[in-house]
$ cat work.cif   # mmCIF, C-alpha atoms and all ligand atoms
data_model
#
loop_
_atom_site.group_PDB
_atom_site.id
_atom_site.type_symbol
_atom_site.label_atom_id
_atom_site.label_comp_id
_atom_site.auth_asym_id
_atom_site.auth_seq_id
_atom_site.Cartn_x
_atom_site.Cartn_y
_atom_site.Cartn_z
ATOM 1 C CA MET F 1 6.860 -9.777 26.480
ATOM 2 C CA SER F 2 9.508 -7.071 26.557
ATOM 3 C CA GLY F 3 11.469 -7.933 29.715
ATOM 4 C CA SER F 4 14.595 -5.997 30.588
ATOM 5 C CA PHE F 5 16.267 -5.910 27.161
ATOM 6 C CA GLU F 6 15.921 -3.244 24.525
ATOM 7 C CA THR F 7 12.982 -3.289 22.107
ATOM 8 C CA LEU F 8 12.395 -1.306 18.909
ATOM 9 C CA GLN F 9 10.559 1.949 19.558
ATOM 10 C CA ASP F 10 8.582 4.241 17.246
ATOM 11 C CA LEU F 11 8.274 1.805 14.368
ATOM 12 C CA SER F 12 6.874 3.776 11.421
ATOM 13 C CA LEU F 13 3.554 1.987 11.222
ATOM 14 C CA ALA F 14 2.999 1.589 14.980
ATOM 15 C CA ARG F 15 2.596 5.235 15.948
ATOM 16 C CA GLY F 16 -1.129 5.936 15.772
ATOM 17 C CA THR F 17 -2.468 8.471 18.269
ATOM 18 C CA LEU F 18 -6.205 8.642 17.534
ATOM 19 C CA ASP F 19 -8.576 7.369 20.200
ATOM 20 C CA ARG F 20 -10.289 4.532 18.322
ATOM 21 C CA ALA F 21 -13.337 5.041 20.530
ATOM 22 C CA GLY F 22 -14.420 1.496 19.784
ATOM 23 C CA LEU F 23 -17.529 1.724 21.954
ATOM 24 C CA ARG F 24 -18.955 4.416 19.650
ATOM 25 C CA ARG F 25 -19.048 1.994 16.710
ATOM 26 C CA ARG F 26 -22.359 0.616 17.983
ATOM 27 C CA GLU F 27 -24.034 4.023 18.184
ATOM 28 C CA PRO F 28 -27.052 3.976 15.852
ATOM 29 C CA ASN F 29 -26.357 5.792 12.575
ATOM 30 C CA LEU F 30 -22.905 6.929 13.671
ATOM 31 C CA LEU F 31 -21.559 7.106 10.117
ATOM 32 C CA PRO F 32 -24.544 8.950 8.538
ATOM 33 C CA LEU F 33 -24.517 11.467 11.400
ATOM 34 C CA LEU F 34 -20.774 12.092 11.141
ATOM 35 C CA LEU F 35 -21.048 12.393 7.356
ATOM 36 C CA LYS F 36 -23.549 15.248 7.882
ATOM 37 C CA ASP F 37 -21.191 17.090 10.248
ATOM 38 C CA PRO F 38 -18.919 19.545 8.398
ATOM 39 C CA LEU F 39 -16.388 19.289 11.247
ATOM 40 C CA THR F 40 -15.795 15.591 10.547
ATOM 41 C CA ARG F 41 -12.440 14.976 8.835
ATOM 42 C CA ILE F 42 -12.376 12.543 5.924
ATOM 43 C CA LEU F 43 -9.399 10.505 4.745
ATOM 44 C CA GLU F 44 -9.991 9.106 1.278
ATOM 45 C CA LEU F 45 -8.245 5.956 0.083
ATOM 46 C CA VAL F 46 -8.202 5.055 -3.600
ATOM 47 C CA GLU F 47 -6.432 1.906 -4.763
ATOM 48 C CA GLY F 48 -4.002 1.979 -1.851
ATOM 49 C CA ARG F 49 -3.264 5.689 -2.168
ATOM 50 C CA ALA F 50 -4.116 8.755 -0.122
ATOM 51 C CA GLN F 51 -3.527 12.403 -0.917
ATOM 52 C CA VAL F 52 -0.461 13.801 0.800
ATOM 53 C CA ILE F 53 0.425 17.477 1.149
ATOM 54 C CA GLU F 54 4.114 18.305 1.255
ATOM 55 C CA SER F 55 5.391 21.653 2.444
ATOM 56 C CA ASP F 56 8.904 22.421 3.672
ATOM 57 C CA ARG F 57 9.647 18.682 3.916
ATOM 58 C CA ASP F 58 6.605 18.314 6.113
ATOM 59 C CA PHE F 59 4.241 15.564 5.003
ATOM 60 C CA ALA F 60 0.575 15.490 6.021
ATOM 61 C CA LEU F 61 -2.473 13.597 4.876
ATOM 62 C CA PHE F 62 -4.978 15.711 2.998
ATOM 63 C CA LEU F 63 -8.143 15.591 5.116
ATOM 64 C CA ARG F 64 -11.388 17.209 4.032
ATOM 65 C CA ALA F 65 -14.973 17.817 5.094
ATOM 66 C CA PRO F 66 -17.578 15.192 4.161
ATOM 67 C CA ALA F 67 -18.795 15.328 0.551
ATOM 68 C CA GLU F 68 -22.132 14.242 -0.878
ATOM 69 C CA GLN F 69 -20.717 11.173 -2.640
ATOM 70 C CA ASP F 70 -19.252 9.801 0.612
ATOM 71 C CA GLU F 71 -22.574 8.343 1.721
ATOM 72 C CA PHE F 72 -22.486 5.944 -1.245
ATOM 73 C CA ARG F 73 -18.976 4.716 -0.476
ATOM 74 C CA LEU F 74 -17.528 2.286 2.011
ATOM 75 C CA SER F 75 -16.825 4.388 5.076
ATOM 76 C CA VAL F 76 -15.279 3.501 8.426
ATOM 77 C CA PHE F 77 -14.969 5.304 11.743
ATOM 78 C CA LEU F 78 -11.250 5.681 12.440
ATOM 79 C CA GLY F 79 -11.620 7.419 15.814
ATOM 80 C CA GLN F 80 -11.455 10.834 17.387
ATOM 81 C CA ASP F 81 -8.815 13.187 18.738
ATOM 82 C CA GLY F 82 -8.521 15.028 22.058
ATOM 83 C CA HIS F 83 -10.687 17.879 20.754
ATOM 84 C CA GLY F 84 -13.543 15.535 19.892
ATOM 85 C CA THR F 85 -13.003 15.789 16.143
ATOM 86 C CA ALA F 86 -14.137 12.589 14.431
ATOM 87 C CA TYR F 87 -12.106 11.002 11.617
ATOM 88 C CA LEU F 88 -13.624 8.782 8.954
ATOM 89 C CA GLY F 89 -11.984 6.805 6.213
ATOM 90 C CA VAL F 90 -13.761 6.427 2.881
ATOM 91 C CA VAL F 91 -12.768 4.170 0.020
ATOM 92 C CA GLY F 92 -13.124 5.543 -3.493
ATOM 93 C CA ASP F 93 -12.348 4.000 -6.849
ATOM 94 C CA ALA F 94 -9.977 4.820 -9.686
ATOM 95 C CA LYS F 95 -12.153 7.559 -11.168
ATOM 96 C CA ASP F 96 -11.671 9.474 -7.912
ATOM 97 C CA LEU F 97 -7.912 9.799 -8.437
ATOM 98 C CA SER F 98 -7.987 13.536 -8.970
ATOM 99 C CA GLY F 99 -7.390 16.661 -6.922
ATOM 100 C CA THR F 100 -4.415 18.870 -6.347
ATOM 101 C CA ALA F 101 -2.322 16.917 -3.835
ATOM 102 C CA PRO F 102 -0.453 13.833 -5.134
ATOM 103 C CA TRP F 103 -1.764 10.368 -4.282
ATOM 104 C CA ARG F 104 0.844 8.351 -2.381
ATOM 105 C CA THR F 105 1.035 4.827 -0.999
ATOM 106 C CA LEU F 106 1.609 3.924 2.627
ATOM 107 C CA ARG F 107 4.928 2.334 1.676
ATOM 108 C CA GLU F 108 6.005 5.677 0.199
ATOM 109 C CA VAL F 109 4.949 7.975 3.030
ATOM 110 C CA GLY F 110 4.571 5.769 6.122
ATOM 111 C CA VAL F 111 7.889 7.029 7.514
ATOM 112 C CA LEU F 112 7.278 10.683 6.619
ATOM 113 C CA LEU F 113 3.840 11.234 8.135
ATOM 114 C CA SER F 114 3.067 12.381 11.667
ATOM 115 C CA ASP F 115 2.167 9.778 14.276
ATOM 116 C CA ARG F 116 -1.558 10.488 13.909
ATOM 117 C CA ASP F 117 -1.512 10.398 10.120
ATOM 118 C CA ALA F 118 0.611 7.248 9.869
ATOM 119 C CA GLY F 119 -1.778 5.491 12.243
ATOM 120 C CA MET F 120 -4.859 6.568 10.279
ATOM 121 C CA PHE F 121 -3.379 5.465 6.958
ATOM 122 C CA VAL F 122 -2.364 2.045 8.323
ATOM 123 C CA THR F 123 -5.796 1.458 9.861
ATOM 124 C CA LEU F 124 -7.735 2.497 6.774
ATOM 125 C CA GLN F 125 -5.481 0.482 4.449
ATOM 126 C CA GLY F 126 -5.931 -2.649 6.576
ATOM 127 C CA LEU F 127 -9.699 -2.243 6.875
ATOM 128 C CA ALA F 128 -10.120 -1.472 3.169
ATOM 129 C CA ASN F 129 -8.158 -4.604 2.214
ATOM 130 C CA TRP F 130 -10.305 -6.696 4.524
ATOM 131 C CA HIS F 131 -13.622 -5.307 3.244
ATOM 132 C CA ALA F 132 -12.547 -5.863 -0.358
ATOM 133 C CA SER F 133 -11.732 -9.528 0.212
ATOM 134 C CA HIS F 134 -14.605 -10.491 2.536
ATOM 135 C CA THR F 135 -17.651 -9.670 0.479
ATOM 136 C CA HIS F 136 -19.263 -13.068 1.121
ATOM 137 C CA CYS F 137 -20.133 -15.082 4.212
ATOM 138 C CA PRO F 138 -17.721 -17.951 5.000
ATOM 139 C CA SER F 139 -20.622 -19.889 6.594
ATOM 140 C CA CYS F 140 -23.276 -19.764 3.862
ATOM 141 C CA GLY F 141 -21.792 -17.897 0.903
ATOM 142 C CA ALA F 142 -24.358 -15.067 0.890
ATOM 143 C CA ARG F 143 -23.335 -11.452 0.516
ATOM 144 C CA THR F 144 -22.046 -9.604 3.588
ATOM 145 C CA GLU F 145 -22.389 -5.903 4.258
ATOM 146 C CA PRO F 146 -20.530 -3.487 6.539
ATOM 147 C CA ASP F 147 -21.948 -2.742 9.984
ATOM 148 C CA GLN F 148 -20.773 -1.163 13.257
ATOM 149 C CA ALA F 149 -19.189 1.839 11.579
ATOM 150 C CA GLY F 150 -17.177 -0.338 9.214
ATOM 151 C CA TRP F 151 -15.657 -2.608 11.855
ATOM 152 C CA ILE F 152 -17.637 -5.750 11.096
ATOM 153 C CA ARG F 153 -19.387 -7.298 8.103
ATOM 154 C CA ARG F 154 -22.711 -8.988 8.627
ATOM 155 C CA CYS F 155 -24.156 -11.795 6.519
ATOM 156 C CA THR F 156 -27.318 -10.675 4.726
ATOM 157 C CA ARG F 157 -28.818 -14.184 5.026
ATOM 158 C CA ASP F 158 -27.903 -15.641 8.431
ATOM 159 C CA GLY F 159 -26.862 -12.469 10.250
ATOM 160 C CA THR F 160 -23.461 -13.831 11.345
ATOM 161 C CA GLU F 161 -20.871 -11.217 12.243
ATOM 162 C CA HIS F 162 -17.413 -11.294 10.668
ATOM 163 C CA TYR F 163 -14.502 -9.329 12.084
ATOM 164 C CA PRO F 164 -11.460 -7.770 10.412
ATOM 165 C CA ARG F 165 -8.558 -10.195 10.161
ATOM 166 C CA THR F 166 -5.019 -9.632 11.259
ATOM 167 C CA ASP F 167 -2.556 -12.388 10.384
ATOM 168 C CA PRO F 168 0.420 -12.640 12.741
ATOM 169 C CA ALA F 169 3.777 -13.158 11.080
ATOM 170 C CA VAL F 170 7.150 -13.525 12.751
ATOM 171 C CA ILE F 171 10.329 -11.947 11.453
ATOM 172 C CA MET F 172 13.684 -12.696 12.985
ATOM 173 C CA ALA F 173 17.187 -11.342 13.212
ATOM 174 C CA VAL F 174 19.174 -14.550 13.678
ATOM 175 C CA THR F 175 22.818 -14.213 14.634
ATOM 176 C CA ASP F 176 25.641 -16.736 15.054
ATOM 177 C CA ALA F 177 28.296 -17.013 17.772
ATOM 178 C CA SER F 178 30.378 -14.275 16.046
ATOM 179 C CA ASP F 179 27.343 -11.979 15.898
ATOM 180 C CA ARG F 180 27.027 -12.308 12.129
ATOM 181 C CA LEU F 181 23.474 -11.754 10.846
ATOM 182 C CA LEU F 182 21.529 -14.212 8.721
ATOM 183 C CA LEU F 183 20.257 -12.571 5.518
ATOM 184 C CA ALA F 184 18.269 -14.291 2.811
ATOM 185 C CA ARG F 185 16.709 -13.599 -0.563
ATOM 186 C CA SER F 186 13.261 -14.667 -1.641
ATOM 187 C CA PRO F 187 13.101 -16.179 -5.152
ATOM 188 C CA HIS F 188 10.716 -13.316 -6.045
ATOM 189 C CA TRP F 189 13.305 -10.625 -5.287
ATOM 190 C CA PRO F 190 15.974 -9.246 -7.613
ATOM 191 C CA GLU F 191 19.641 -10.204 -7.167
ATOM 192 C CA GLY F 192 21.241 -8.391 -4.240
ATOM 193 C CA ARG F 193 18.028 -7.749 -2.354
ATOM 194 C CA LEU F 194 18.413 -9.403 1.043
ATOM 195 C CA SER F 195 16.537 -9.316 4.305
ATOM 196 C CA VAL F 196 15.958 -11.153 7.542
ATOM 197 C CA VAL F 197 13.703 -14.210 7.311
ATOM 198 C CA ALA F 198 9.996 -14.125 8.074
ATOM 199 C CA GLY F 199 6.943 -16.356 7.979
ATOM 200 C CA PHE F 200 3.352 -16.727 9.092
ATOM 201 C CA VAL F 201 2.354 -18.137 12.453
ATOM 202 C CA GLU F 202 0.431 -21.406 12.112
ATOM 203 C CA PRO F 203 -2.615 -22.541 14.097
ATOM 204 C CA GLY F 204 -1.650 -24.042 17.436
ATOM 205 C CA GLU F 205 1.724 -22.327 17.503
ATOM 206 C CA SER F 206 3.264 -19.712 19.794
ATOM 207 C CA LEU F 207 5.187 -16.823 18.261
ATOM 208 C CA GLU F 208 8.486 -18.211 19.560
ATOM 209 C CA ALA F 209 7.750 -21.663 18.165
ATOM 210 C CA ALA F 210 6.936 -20.094 14.789
ATOM 211 C CA VAL F 211 10.335 -18.361 14.788
ATOM 212 C CA ALA F 212 12.168 -21.631 15.402
ATOM 213 C CA ARG F 213 10.106 -23.563 12.845
ATOM 214 C CA GLU F 214 10.382 -20.968 10.069
ATOM 215 C CA VAL F 215 14.147 -20.578 10.429
ATOM 216 C CA PHE F 216 14.643 -24.334 10.412
ATOM 217 C CA GLU F 217 12.328 -24.851 7.431
ATOM 218 C CA GLU F 218 13.800 -22.036 5.352
ATOM 219 C CA VAL F 219 17.520 -22.360 6.018
ATOM 220 C CA GLY F 220 17.941 -25.536 8.119
ATOM 221 C CA VAL F 221 19.297 -23.735 11.182
ATOM 222 C CA VAL F 222 18.268 -24.475 14.772
ATOM 223 C CA VAL F 223 17.728 -21.300 16.820
ATOM 224 C CA GLU F 224 17.553 -20.747 20.546
ATOM 225 C CA GLU F 225 17.305 -17.733 22.873
ATOM 226 C CA VAL F 226 14.353 -16.367 20.892
ATOM 227 C CA ARG F 227 13.583 -12.890 22.266
ATOM 228 C CA TYR F 228 10.889 -10.357 21.412
ATOM 229 C CA LEU F 229 12.129 -7.206 19.659
ATOM 230 C CA GLY F 230 9.086 -5.195 18.530
ATOM 231 C CA ASN F 231 6.029 -5.266 16.277
ATOM 232 C CA GLN F 232 4.090 -3.234 13.776
ATOM 233 C CA PRO F 233 1.055 -3.730 11.545
ATOM 234 C CA TRP F 234 1.858 -4.416 7.895
ATOM 235 C CA PRO F 235 -1.418 -4.096 5.962
ATOM 236 C CA PHE F 236 -0.180 -5.647 2.697
ATOM 237 C CA PRO F 237 -2.679 -7.132 2.904
ATOM 238 C CA SER F 238 -3.294 -7.944 6.575
ATOM 239 C CA SER F 239 -0.219 -8.853 8.601
ATOM 240 C CA LEU F 240 1.044 -7.944 12.013
ATOM 241 C CA MET F 241 4.819 -8.334 11.897
ATOM 242 C CA VAL F 242 6.288 -9.458 15.214
ATOM 243 C CA GLY F 243 10.061 -9.153 15.355
ATOM 244 C CA PHE F 244 12.426 -11.391 17.320
ATOM 245 C CA THR F 245 16.101 -12.023 17.760
ATOM 246 C CA GLY F 246 17.436 -15.565 17.887
ATOM 247 C CA ARG F 247 20.803 -17.287 18.248
ATOM 248 C CA ALA F 248 21.810 -19.988 15.772
ATOM 249 C CA VAL F 249 23.100 -23.203 17.322
ATOM 250 C CA ASP F 250 25.183 -23.909 14.207
ATOM 251 C CA THR F 251 25.804 -22.018 10.980
ATOM 252 C CA THR F 252 25.415 -24.628 8.247
ATOM 253 C CA LEU F 253 22.723 -23.454 5.818
ATOM 254 C CA ARG F 254 20.422 -25.939 4.085
ATOM 255 C CA LEU F 255 18.030 -23.904 1.973
ATOM 256 C CA ASP F 256 14.443 -24.643 1.076
ATOM 257 C CA GLN F 257 14.862 -23.680 -2.580
ATOM 258 C CA GLU F 258 11.177 -22.875 -3.025
ATOM 259 C CA GLU F 259 11.238 -20.269 -0.258
ATOM 260 C CA ILE F 260 14.832 -19.008 -0.311
ATOM 261 C CA ALA F 261 16.992 -18.311 -3.367
ATOM 262 C CA GLU F 262 20.145 -17.582 -1.356
ATOM 263 C CA ALA F 263 21.147 -17.003 2.250
ATOM 264 C CA MET F 264 24.338 -15.939 3.977
ATOM 265 C CA TRP F 265 25.896 -14.893 7.247
ATOM 266 C CA VAL F 266 27.182 -11.313 7.144
ATOM 267 C CA SER F 267 29.373 -9.381 9.561
ATOM 268 C CA ARG F 268 28.941 -5.639 9.983
ATOM 269 C CA GLU F 269 32.091 -5.229 7.893
ATOM 270 C CA ASP F 270 30.606 -7.416 5.129
ATOM 271 C CA LEU F 271 27.441 -5.342 5.150
ATOM 272 C CA ARG F 272 29.378 -2.076 5.007
ATOM 273 C CA GLU F 273 31.290 -3.361 1.969
ATOM 274 C CA MET F 274 28.150 -4.608 0.219
ATOM 275 C CA VAL F 275 26.429 -1.276 0.786
ATOM 276 C CA GLY F 276 29.520 0.644 -0.350
ATOM 277 C CA ALA F 277 29.755 -1.450 -3.517
ATOM 278 C CA GLY F 278 26.091 -0.813 -4.257
ATOM 279 C CA SER F 279 25.487 -4.560 -4.422
ATOM 280 C CA PHE F 280 23.027 -4.672 -1.557
ATOM 281 C CA GLY F 281 19.321 -3.873 -1.781
ATOM 282 C CA ILE F 282 17.797 -3.617 1.661
ATOM 283 C CA SER F 283 14.193 -3.546 2.828
ATOM 284 C CA PRO F 284 12.510 -0.105 2.771
ATOM 285 C CA THR F 285 12.716 2.182 5.800
ATOM 286 C CA VAL F 286 8.993 1.743 6.479
ATOM 287 C CA SER F 287 9.500 -1.986 7.204
ATOM 288 C CA ILE F 288 10.340 -3.603 10.521
ATOM 289 C CA ALA F 289 12.944 -5.668 8.637
ATOM 290 C CA ARG F 290 14.961 -2.521 7.927
ATOM 291 C CA ARG F 291 14.767 -1.436 11.554
ATOM 292 C CA MET F 292 15.843 -4.886 12.735
ATOM 293 C CA ILE F 293 18.849 -4.941 10.429
ATOM 294 C CA GLU F 294 19.854 -1.441 11.518
ATOM 295 C CA HIS F 295 19.343 -2.404 15.168
ATOM 296 C CA TRP F 296 21.881 -5.202 14.699
ATOM 297 C CA TYR F 297 24.174 -3.008 12.575
ATOM 298 C CA GLY F 298 24.209 -0.282 15.217
ATOM 299 C CA GLY F 299 22.917 2.647 13.133
ATOM 300 C CA PRO F 300 21.203 3.737 9.934
ATOM 301 C CA ILE F 301 22.180 2.078 6.665
ATOM 302 C CA ASP F 302 21.665 4.877 4.223
ATOM 303 C CA ARG F 303 24.093 4.519 1.339
ATOM 304 C CA GLY F 304 23.463 2.570 -1.832
ATOM 305 C CA VAL F 305 20.165 1.258 -0.674
ATOM 306 C CA THR F 306 16.616 1.476 -1.885
ATOM 307 C CA THR F 307 14.150 3.276 0.283
HETATM 308 ZN ZN ZN K 401 -24.097 -16.358 5.980
#
$ encode --input "work.cif" --output "structure tokens" --more "lines below"
Ligand SMILES: [Zn+2]
Amino acid sequence: MSGSFETLQDLSLARGTLDRAGLRRREPNLLPLLLKDPLTRILELVEGRAQVIESDRDFALFLRAPAEQDEFRLSVFLGQDGHGTAYLGVVGDAKDLSGTAPWRTLREVGVLLSDRDAGMFVTLQGLANWHASHTHCPSCGARTEPDQAGWIRRCTRDGTEHYPRTDPAVIMAVTDASDRLLLARSPHWPEGRLSVVAGFVEPGESLEAAVAREVFEEVGVVVEEVRYLGNQPWPFPSSLMVGFTGRAVDTTLRLDQEEIAEAMWVSREDLREMVGAGSFGISPTVSIARRMIEHWYGGPIDRGVTT
């Protein structure tokens, strides 16, 4: 999809380096065997938080050897590194929120972690969300249970296999003929918080068609020249955000009031002034939205903004 134009590189949540070693997931008893191996590294997730060690502005996930209680928890095989070390994710509950290192969310540390750690956190967060919301079979309603090292759930009655979901969403930096950027505010956001528009891809729709439809539905603008810009997983709870640029045919905004509280065209100068005045809340650095806005702006936007 990328063609000859520039795409966004090194997006915070698209940096994983572990070999997922997907073929190993079918090895009999892979998880119990790895949980008996003291060399296995365990990443524990509790209510969307993992323990993070900070030293000299260096941020790393706290990984540990398997513990006895892990065999009673949801565990998933995250992959292995070049030395053959296996990495498992386990999901604990609130009573497990203890230990010396602070528990941090992916939104808080996704930008700060190493490539390997960011990738592990994103994968475990996405899988944990999926397991938590797919406890029953969509065919017959019976209970499902994890199988294949945490990468499927199987129905306990009819044996059907159910796979982790990823929901594609498009997000678009739409510009007009003067290269002003379209920013909008969701009714759920506070005053001043603005971002590029986004929406879910519908059945039967290409990514590019979803871009055009969403922009037209939300702000009444026809877009053309839709071009791919980059993508990253966004496991809140299960999206893959696919970024695009698009050119507005005209600039008249007709808002869908249920989806968009306000929308506007901003020049780089406008944005600089809004940031300087502290009247602009921008998407966090971990998001593709932030990277898309900065891509258009031509550099980091780091004053008067929330991170
Ligand atoms: Zn079933």
$ resolve_selection --input "work.cif" --expression "the PyMOL selection byres (((chain F and resi 294) around 12) and not hetatm)" --output "NGL selection string"
:F and (8 or 173 or 181 or 195-196 or 268 or 271-272 or 282-285 or 287-293 or 295-302)
$ residues_near_point --input "work.cif" --point "(24.6, -11.2, 14.1)" --cutoff "10 Å" --atoms "all atoms listed in the file" --output "list in words"
Ala173, Val174, Thr175, Asp176, Ala177, Ser178, Asp179, Arg180, Leu181, Leu182, Leu183, Thr245, Gly246, Arg247, Ala248, Trp265, Val266, Ser267, Arg268, Ile293, Trp296 and Tyr297 of chain F
$ resolve_selection --input "work.cif" --expression "the PyMOL selection byres (((not hetatm)) within 7 of (chain K and resi 401))" --output "list in words"
Cys137, Pro138, Ser139, Cys140, Gly141, Ala142, Cys155, Thr156, Arg157, Asp158, Gly159 and Thr160 of chain F
$ residues_near_point --input "work.cif" --point "(-3.9, 7.4, 4.0)" --cutoff "10 Å" --atoms "only C-alpha atoms" --output "ChimeraX atom specification"
/F:43-46,48-52,60-63,89-90,103-106,109-110,113,117-125
$ write_last_selection --input "work.cif" --atoms "C-alpha atoms" --output "compact mmCIF listing (two decimals), in the frame of the given file"
# COMPACT_ATOMS: atom_id res chain seq x y z
CA LEU F 43 -9.40 10.50 4.74
CA GLU F 44 -9.99 9.11 1.28
CA LEU F 45 -8.24 5.96 0.08
CA VAL F 46 -8.20 5.06 -3.60
CA GLY F 48 -4.00 1.98 -1.85
CA ARG F 49 -3.26 5.69 -2.17
CA ALA F 50 -4.12 8.76 -0.12
CA GLN F 51 -3.53 12.40 -0.92
CA VAL F 52 -0.46 13.80 0.80
CA ALA F 60 0.57 15.49 6.02
CA LEU F 61 -2.47 13.60 4.88
CA PHE F 62 -4.98 15.71 3.00
CA LEU F 63 -8.14 15.59 5.12
CA GLY F 89 -11.98 6.80 6.21
CA VAL F 90 -13.76 6.43 2.88
CA TRP F 103 -1.76 10.37 -4.28
CA ARG F 104 0.84 8.35 -2.38
CA THR F 105 1.03 4.83 -1.00
CA LEU F 106 1.61 3.92 2.63
CA VAL F 109 4.95 7.98 3.03
CA GLY F 110 4.57 5.77 6.12
CA LEU F 113 3.84 11.23 8.14
CA ASP F 117 -1.51 10.40 10.12
CA ALA F 118 0.61 7.25 9.87
CA GLY F 119 -1.78 5.49 12.24
CA MET F 120 -4.86 6.57 10.28
CA PHE F 121 -3.38 5.46 6.96
CA VAL F 122 -2.36 2.04 8.32
CA THR F 123 -5.80 1.46 9.86
CA LEU F 124 -7.74 2.50 6.77
CA GLN F 125 -5.48 0.48 4.45
$ atom_distance --input "work.cif" --atom1 "atom CA of F:Gln9" --atom2 "atom CA of F:Pro102"
29.5 Å
$ atom_distance --input "work.cif" --atom1 "atom CA of F:Gly199" --atom2 "atom CA of F:Val211"
7.9 Å
$ atom_distance --input "work.cif" --atom1 "atom CA of F:Asp19" --atom2 "atom CA of F:Thr135"
27.6 Å
$ residues_around --input "work.cif" --residues "stretch 187-192 of chain F" --least-positions-apart "4" --cutoff "12 Å" --atoms "only C-alpha atoms" --output "ChimeraX atom specification"
/F:183,255-264,271,274-275,277-283,304-306
$ closest_residue --input "work.cif" --among "F:Ser239, F:Thr100, F:Thr144, F:Ser186" --to "F:Val201" --atoms "only C-alpha atoms"
F:Ser239
$ closest_residue --input "work.cif" --among "F:Arg143, F:Leu240, F:Ser114, F:Glu224" --to "F:Thr166" --atoms "all atoms listed in the file"
F:Leu240
$ closest_residue --input "work.cif" --among "F:Asp147, F:Gln69, F:Val286, F:Glu202" --to "F:Asn29" --atoms "only C-alpha atoms"
F:Asp147
$ resolve_selection --input "work.cif" --expression "the PyMOL selection byres (((chain F and resi 210) around 10) and not hetatm)" --output "JSON, numbers by chain"
{"F": [169, 170, 171, 198, 199, 200, 201, 202, 203, 204, 205, 206, 207, 208, 209, 211, 212, 213, 214, 215, 216]}
$ decode --input "work.cif" --residues "stretch 139-151 of chain F" --atoms "N, CA and C atoms" --output "PDB file, in the first residue's frame"
ATOM      1  N   SER F 139     -21.872 -19.393  18.660  1.00  0.00           N
ATOM      2  CA  SER F 139     -22.759 -20.319  17.949  1.00  0.00           C
ATOM      3  C   SER F 139     -23.820 -20.901  18.874  1.00  0.00           C
ATOM      4  N   CYS F 140     -23.413 -21.378  20.070  1.00  0.00           N
ATOM      5  CA  CYS F 140     -24.367 -22.105  20.905  1.00  0.00           C
ATOM      6  C   CYS F 140     -24.503 -21.528  22.311  1.00  0.00           C
ATOM      7  N   GLY F 141     -23.687 -20.577  22.682  1.00  0.00           N
ATOM      8  CA  GLY F 141     -23.835 -19.941  23.984  1.00  0.00           C
ATOM      9  C   GLY F 141     -23.144 -20.649  25.146  1.00  0.00           C
ATOM     10  N   ALA F 142     -22.527 -21.819  24.864  1.00  0.00           N
ATOM     11  CA  ALA F 142     -21.827 -22.530  25.949  1.00  0.00           C
ATOM     12  C   ALA F 142     -20.513 -21.806  26.280  1.00  0.00           C
ATOM     13  N   ARG F 143     -19.930 -22.208  27.380  1.00  0.00           N
ATOM     14  CA  ARG F 143     -18.670 -21.613  27.802  1.00  0.00           C
ATOM     15  C   ARG F 143     -17.552 -21.965  26.812  1.00  0.00           C
ATOM     16  N   THR F 144     -16.617 -21.026  26.613  1.00  0.00           N
ATOM     17  CA  THR F 144     -15.425 -21.323  25.827  1.00  0.00           C
ATOM     18  C   THR F 144     -14.233 -21.368  26.767  1.00  0.00           C
ATOM     19  N   GLU F 145     -13.184 -22.069  26.347  1.00  0.00           N
ATOM     20  CA  GLU F 145     -11.953 -22.011  27.146  1.00  0.00           C
ATOM     21  C   GLU F 145     -10.735 -21.855  26.246  1.00  0.00           C
ATOM     22  N   PRO F 146      -9.669 -21.254  26.800  1.00  0.00           N
ATOM     23  CA  PRO F 146      -8.476 -20.980  25.989  1.00  0.00           C
ATOM     24  C   PRO F 146      -7.826 -22.273  25.510  1.00  0.00           C
ATOM     25  N   ASP F 147      -7.252 -22.218  24.308  1.00  0.00           N
ATOM     26  CA  ASP F 147      -6.498 -23.339  23.761  1.00  0.00           C
ATOM     27  C   ASP F 147      -5.377 -22.746  22.911  1.00  0.00           C
ATOM     28  N   GLN F 148      -4.527 -23.626  22.369  1.00  0.00           N
ATOM     29  CA  GLN F 148      -3.416 -23.201  21.509  1.00  0.00           C
ATOM     30  C   GLN F 148      -2.627 -22.038  22.124  1.00  0.00           C
ATOM     31  N   ALA F 149      -2.169 -22.289  23.328  1.00  0.00           N
ATOM     32  CA  ALA F 149      -1.291 -21.353  24.040  1.00  0.00           C
ATOM     33  C   ALA F 149      -1.898 -19.962  24.171  1.00  0.00           C
ATOM     34  N   GLY F 150      -3.241 -19.930  24.279  1.00  0.00           N
ATOM     35  CA  GLY F 150      -3.917 -18.660  24.525  1.00  0.00           C
ATOM     36  C   GLY F 150      -4.318 -17.911  23.267  1.00  0.00           C
ATOM     37  N   TRP F 151      -4.140 -18.542  22.099  1.00  0.00           N
ATOM     38  CA  TRP F 151      -4.417 -17.835  20.849  1.00  0.00           C
ATOM     39  C   TRP F 151      -5.753 -18.202  20.217  1.00  0.00           C
TER      40      TRP F 151
END
